[in-house]
file coords_25.cif (mmCIF, C-alpha atoms)
data_data
loop_
_atom_site.label_atom_id
_atom_site.label_comp_id
_atom_site.auth_asym_id
_atom_site.auth_seq_id
_atom_site.Cartn_x
_atom_site.Cartn_y
_atom_site.Cartn_z
CA THR A 77 4.95 -5.51 12.31
CA ARG A 78 4.62 -6.07 8.56
CA SER A 79 1.99 -8.74 9.27
CA ALA A 80 0.02 -6.07 11.14
CA VAL A 81 0.18 -3.87 8.03
CA VAL A 82 -1.37 -6.70 5.98
CA ALA A 83 -4.06 -7.31 8.62
CA TYR A 84 -5.02 -3.63 8.61
CA ALA A 85 -5.11 -3.51 4.81
CA LYS A 86 -7.46 -6.52 4.63
CA GLN A 87 -9.96 -4.61 6.77
CA PHE A 88 -10.36 -2.02 4.01
CA LEU A 89 -11.16 -4.35 1.12
CA GLY A 90 -14.22 -2.94 -0.61
CA ASN A 91 -13.70 0.63 0.67
CA PRO A 92 -14.19 3.28 -2.01
CA TYR A 93 -11.30 4.81 -3.91
CA VAL A 94 -11.13 8.60 -3.59
CA TRP A 95 -8.25 10.55 -5.13
CA GLY A 96 -6.38 12.22 -2.25
CA GLY A 97 -8.38 10.14 0.23
CA THR A 98 -6.90 9.32 3.62
CA THR A 99 -10.00 8.27 5.59
CA PRO A 100 -11.14 4.63 5.70
CA GLY A 101 -14.86 4.27 5.10
CA VAL A 102 -14.95 7.65 3.35
CA GLY A 103 -12.31 6.95 0.72
CA LEU A 104 -8.65 6.12 0.22
CA ASP A 105 -6.22 6.57 -2.60
CA CYS A 106 -3.20 4.30 -3.02
CA SER A 107 -0.78 6.16 -0.79
CA GLY A 108 -3.55 7.05 1.66
CA LEU A 109 -4.25 3.32 2.14
CA VAL A 110 -0.59 2.40 2.53
CA GLN A 111 0.21 5.30 4.87
CA TYR A 112 -2.86 4.62 7.04
CA CYS A 113 -2.09 0.90 7.42
CA TYR A 114 1.55 1.58 8.27
CA ARG A 115 0.55 4.26 10.79
CA GLN A 116 -1.84 1.82 12.50
CA ALA A 117 1.10 -0.60 12.80
CA GLY A 118 3.20 2.15 14.42
CA ILE A 119 5.35 2.98 11.38
CA SER A 120 5.51 6.50 9.98
CA ILE A 121 5.95 6.74 6.21
CA PRO A 122 5.65 9.67 3.76
CA ARG A 123 2.39 10.49 1.98
CA THR A 124 3.36 10.40 -1.71
CA SER A 125 4.58 7.47 -3.77
CA GLY A 126 7.82 9.23 -4.73
CA ALA A 127 8.62 10.09 -1.13
CA ILE A 128 7.75 6.54 -0.03
CA LEU A 129 10.33 5.16 -2.48
CA ALA A 130 12.96 7.73 -1.51
CA ALA A 131 12.64 7.10 2.24
CA GLY A 132 12.38 3.30 2.14
CA THR A 133 14.77 0.49 1.26
CA ILE A 134 14.41 -1.28 -2.09
CA VAL A 135 14.47 -5.06 -1.62
CA SER A 136 14.52 -7.98 -4.03
CA ASN A 137 13.03 -10.55 -1.63
CA PRO A 138 9.56 -9.16 -0.87
CA GLN A 139 7.79 -10.16 2.33
CA PRO A 140 4.13 -9.60 3.17
CA GLY A 141 3.72 -6.02 4.33
CA ASP A 142 6.35 -4.60 1.99
CA ILE A 143 5.24 -1.87 -0.39
CA CYS A 144 4.76 -2.57 -4.09
CA TRP A 145 5.92 0.56 -5.92
CA THR A 146 5.44 1.68 -9.50
CA SER A 147 5.67 5.24 -10.73
CA GLY A 148 2.72 7.10 -9.20
CA HIS A 149 1.27 4.06 -7.42
CA VAL A 150 1.83 2.04 -4.24
CA ALA A 151 0.17 -1.03 -2.76
CA ILE A 152 0.77 -3.52 0.06
CA TYR A 153 2.31 -6.89 -0.81
CA ILE A 154 0.39 -9.76 0.83
CA GLY A 155 2.39 -12.69 -0.54
CA GLY A 156 1.82 -15.19 -3.31
CA GLY A 157 2.24 -12.59 -6.04
CA GLN A 158 -0.71 -10.53 -4.75
CA MET A 159 -1.17 -7.05 -3.33
CA ILE A 160 -3.93 -4.97 -1.77
CA GLU A 161 -4.43 -1.69 -3.57
CA ALA A 162 -6.60 1.36 -3.94
CA GLN A 163 -6.34 1.47 -7.71
CA GLN A 164 -8.55 4.10 -9.30
CA THR A 165 -11.88 5.93 -9.21
CA GLY A 166 -14.80 3.50 -9.44
CA VAL A 167 -12.76 0.52 -8.24
CA PRO A 168 -12.94 -0.27 -4.52
CA VAL A 169 -9.88 -1.37 -2.53
CA LYS A 170 -9.10 -4.89 -3.75
CA VAL A 171 -6.60 -7.74 -4.05
CA SER A 172 -4.74 -7.72 -7.37
CA SER A 173 -1.86 -9.49 -9.01
CA VAL A 174 1.39 -7.66 -8.34
CA ARG A 175 2.42 -4.94 -10.78
CA VAL A 176 5.69 -3.60 -9.49
CA THR A 177 8.87 -1.79 -10.40
CA TYR A 178 10.30 -2.03 -6.88
CA TYR A 179 9.48 -3.57 -3.53
CA VAL A 180 10.09 -1.10 -0.70
CA ARG A 181 10.62 -2.03 2.93
CA TYR A 182 10.34 0.04 6.09
#

call {"tool": "encode", "arguments": {"input": "coords_25.cif", "output": "structure tokens"}}
result
Amino acid sequence: TRSAVVAYAKQFLGNPYVWGGTTPGVGLDCSGLVQYCYRQAGISIPRTSGAILAAGTIVSNPQPGDICWTSGHVAIYIGGGQMIEAQQTGVPVKVSSVRVTYYVRY
């Protein structure tokens, strides 16, 4: 199932960042991207980064599909020290080097 999350996330590379965005093709913010990809894989997660951390399980051995969490930001771990993220206005959804406080698993 986590591999499905990664596959969905890869489809949205290049999509625009929109604060509060939850609609692929129109715009996604960080938690909108993560929540949408998880939902497509059949997993329900909360909408905000704080709630995502609170409801998930913190792990120290990240696997592709886990959530990279830092205060106010979430992304999808894809392996090899990289994540897919909707970072900020003006920057489309992209692959970045991991910046993380916690890895969260559902």

call {"tool": "resolve_selection", "arguments": {"input": "coords_25.cif", "expression": "the PyMOL selection byres ((chain A and resi 176-178) around 9)", "output": "ChimeraX atom specification"}}
result
/A:129,134-136,143-147,150,174-175,179-180

call {"tool": "closest_residue", "arguments": {"input": "coords_25.cif", "among": "A:Gln116, A:Ser79, A:Gln164, A:Ser173", "to": "Leu104 of chain A", "atoms": "all atoms listed in the file"}}
result
A:Gln164

call {"tool": "residues_around", "arguments": {"input": "coords_25.cif", "residues": "Gly155 of chain A", "least_positions_apart": "5", "cutoff": "9 Å", "atoms": "only C-alpha atoms", "output": "mmCIF file with C-alpha atoms, keeping the file's coordinate frame"}}
result
data_model
loop_
_atom_site.group_PDB
_atom_site.id
_atom_site.type_symbol
_atom_site.label_atom_id
_atom_site.label_comp_id
_atom_site.auth_asym_id
_atom_site.auth_seq_id
_atom_site.Cartn_x
_atom_site.Cartn_y
_atom_site.Cartn_z
ATOM 1 C CA PRO A 138 9.560 -9.160 -0.870
ATOM 2 C CA GLN A 139 7.790 -10.160 2.330
ATOM 3 C CA PRO A 140 4.130 -9.600 3.170
ATOM 4 C CA GLY A 141 3.720 -6.020 4.330
#

call {"tool": "atom_distance", "arguments": {"input": "coords_25.cif", "atom1": "atom CA of Asn137 of chain A", "atom2": "atom CA of Gly90 of chain A"}}
result
28.3 Å

call {"tool": "atom_distance", "arguments": {"input": "coords_25.cif", "atom1": "atom CA of Ile121 of chain A", "atom2": "atom CA of Pro92 of chain A"}}
result
22.0 Å

call {"tool": "closest_residue", "arguments": {"input": "coords_25.cif", "among": "A:Thr165, A:Val81, A:Phe88, A:Thr98", "to": "Ile119 of chain A", "atoms": "all atoms listed in the file"}}
result
A:Val81

call {"tool": "closest_residue", "arguments": {"input": "coords_25.cif", "among": "A:Gly101, A:Gly126, A:Arg115, A:His149", "to": "Leu89 of chain A", "atoms": "only C-alpha atoms"}}
result
A:Gly101

call {"tool": "atom_distance", "arguments": {"input": "coords_25.cif", "atom1": "atom CA of Val171 of chain A", "atom2": "atom CA of Ala130 of chain A"}}
result
25.1 Å

call {"tool": "closest_residue", "arguments": {"input": "coords_25.cif", "among": "A:Cys113, A:Ala127, A:Val82, A:Ile152", "to": "Thr99 of chain A", "atoms": "all atoms listed in the file"}}
result
A:Cys113

call {"tool": "closest_residue", "arguments": {"input": "coords_25.cif", "among": "A:Gly103, A:Gly132, A:Gly96, A:Gly118", "to": "Tyr182 of chain A", "atoms": "all atoms listed in the file"}}
result
A:Gly132

call {"tool": "closest_residue", "arguments": {"input": "coords_25.cif", "among": "A:Ala151, A:Ala117, A:Gly157, A:Lys170", "to": "Lys86 of chain A", "atoms": "only C-alpha atoms"}}
result
A:Lys170

call {"tool": "residues_near_point", "arguments": {"input": "coords_25.cif", "point": "(-6.9, 2.3, -1.1)", "cutoff": "7 Å", "atoms": "all atoms listed in the file", "output": "number ranges by chain"}}
result
A: 93, 104-106, 108-109, 161-163, 169

call {"tool": "decode", "arguments": {"input": "coords_25.cif", "residues": "segment 105-175 of chain A", "atoms": "C-alpha atoms", "output": "short mmCIF file (atom, residue, chain, number, x, y, z; two decimals), in the first residue's frame"}}
result
data_model
loop_
_atom_site.label_atom_id
_atom_site.label_comp_id
_atom_site.auth_asym_id
_atom_site.auth_seq_id
_atom_site.Cartn_x
_atom_site.Cartn_y
_atom_site.Cartn_z
CA ASP A 105 -0.22 22.20 -0.50
CA CYS A 106 1.96 19.79 1.46
CA SER A 107 -0.74 18.11 3.49
CA GLY A 108 -3.17 18.24 0.58
CA LEU A 109 -0.70 16.22 -1.52
CA VAL A 110 -0.02 13.69 1.23
CA GLN A 111 -3.69 13.28 2.18
CA TYR A 112 -4.76 12.90 -1.47
CA CYS A 113 -2.14 10.24 -2.24
CA TYR A 114 -2.98 8.27 0.90
CA ARG A 115 -6.71 8.49 0.14
CA GLN A 116 -6.12 7.14 -3.39
CA ALA A 117 -4.28 4.20 -1.77
CA GLY A 118 -7.29 3.57 0.50
CA ILE A 119 -5.82 5.07 3.68
CA SER A 120 -7.58 7.87 5.54
CA ILE A 121 -5.29 10.38 7.26
CA PRO A 122 -5.95 13.79 8.85
CA ARG A 123 -5.62 17.03 6.89
CA THR A 124 -3.10 19.05 8.93
CA SER A 125 0.54 18.28 9.64
CA GLY A 126 0.02 18.34 13.42
CA ALA A 127 -2.91 15.94 13.22
CA ILE A 128 -0.98 13.68 10.84
CA LEU A 129 1.81 13.36 13.41
CA ALA A 130 -0.60 12.83 16.30
CA ALA A 131 -2.57 10.07 14.55
CA GLY A 132 0.36 8.19 13.00
CA THR A 133 3.21 6.11 14.39
CA ILE A 134 6.70 7.62 14.55
CA VAL A 135 9.27 5.20 13.11
CA SER A 136 13.06 5.24 12.91
CA ASN A 137 13.36 2.92 9.90
CA PRO A 138 11.59 4.83 7.11
CA GLN A 139 10.18 2.94 4.14
CA PRO A 140 8.97 4.44 0.87
CA GLY A 141 5.48 5.79 1.40
CA ASP A 142 6.08 6.90 4.98
CA ILE A 143 5.48 10.55 5.77
CA CYS A 144 8.38 12.95 6.33
CA TRP A 145 7.25 15.34 9.07
CA THR A 146 8.70 18.64 10.24
CA SER A 147 6.80 21.31 12.11
CA GLY A 148 4.22 22.70 9.69
CA HIS A 149 5.28 20.52 6.75
CA VAL A 150 4.79 16.98 5.46
CA ALA A 151 6.06 15.08 2.43
CA ILE A 152 6.16 11.50 1.13
CA TYR A 153 9.38 9.52 1.57
CA ILE A 154 10.37 7.76 -1.68
CA GLY A 155 13.61 6.13 -0.52
CA GLY A 156 17.27 6.95 -0.99
CA GLY A 157 17.09 10.03 1.21
CA GLN A 158 14.51 11.69 -1.05
CA MET A 159 10.92 12.84 -0.69
CA ILE A 160 8.15 14.23 -2.88
CA GLU A 161 6.80 17.50 -1.55
CA ALA A 162 4.58 20.46 -2.25
CA GLN A 163 6.96 22.98 -0.73
CA GLN A 164 5.85 26.57 -1.20
CA THR A 165 4.20 29.11 -3.48
CA GLY A 166 6.00 29.36 -6.82
CA VAL A 167 7.62 25.93 -6.49
CA PRO A 168 5.79 23.03 -8.17
CA VAL A 169 5.53 19.59 -6.55
CA LYS A 170 9.04 18.13 -6.71
CA VAL A 171 11.56 15.58 -5.45
CA SER A 172 13.81 16.97 -2.71
CA SER A 173 16.41 15.74 -0.28
CA VAL A 174 14.78 14.70 2.99
CA ARG A 175 14.36 17.36 5.67
#
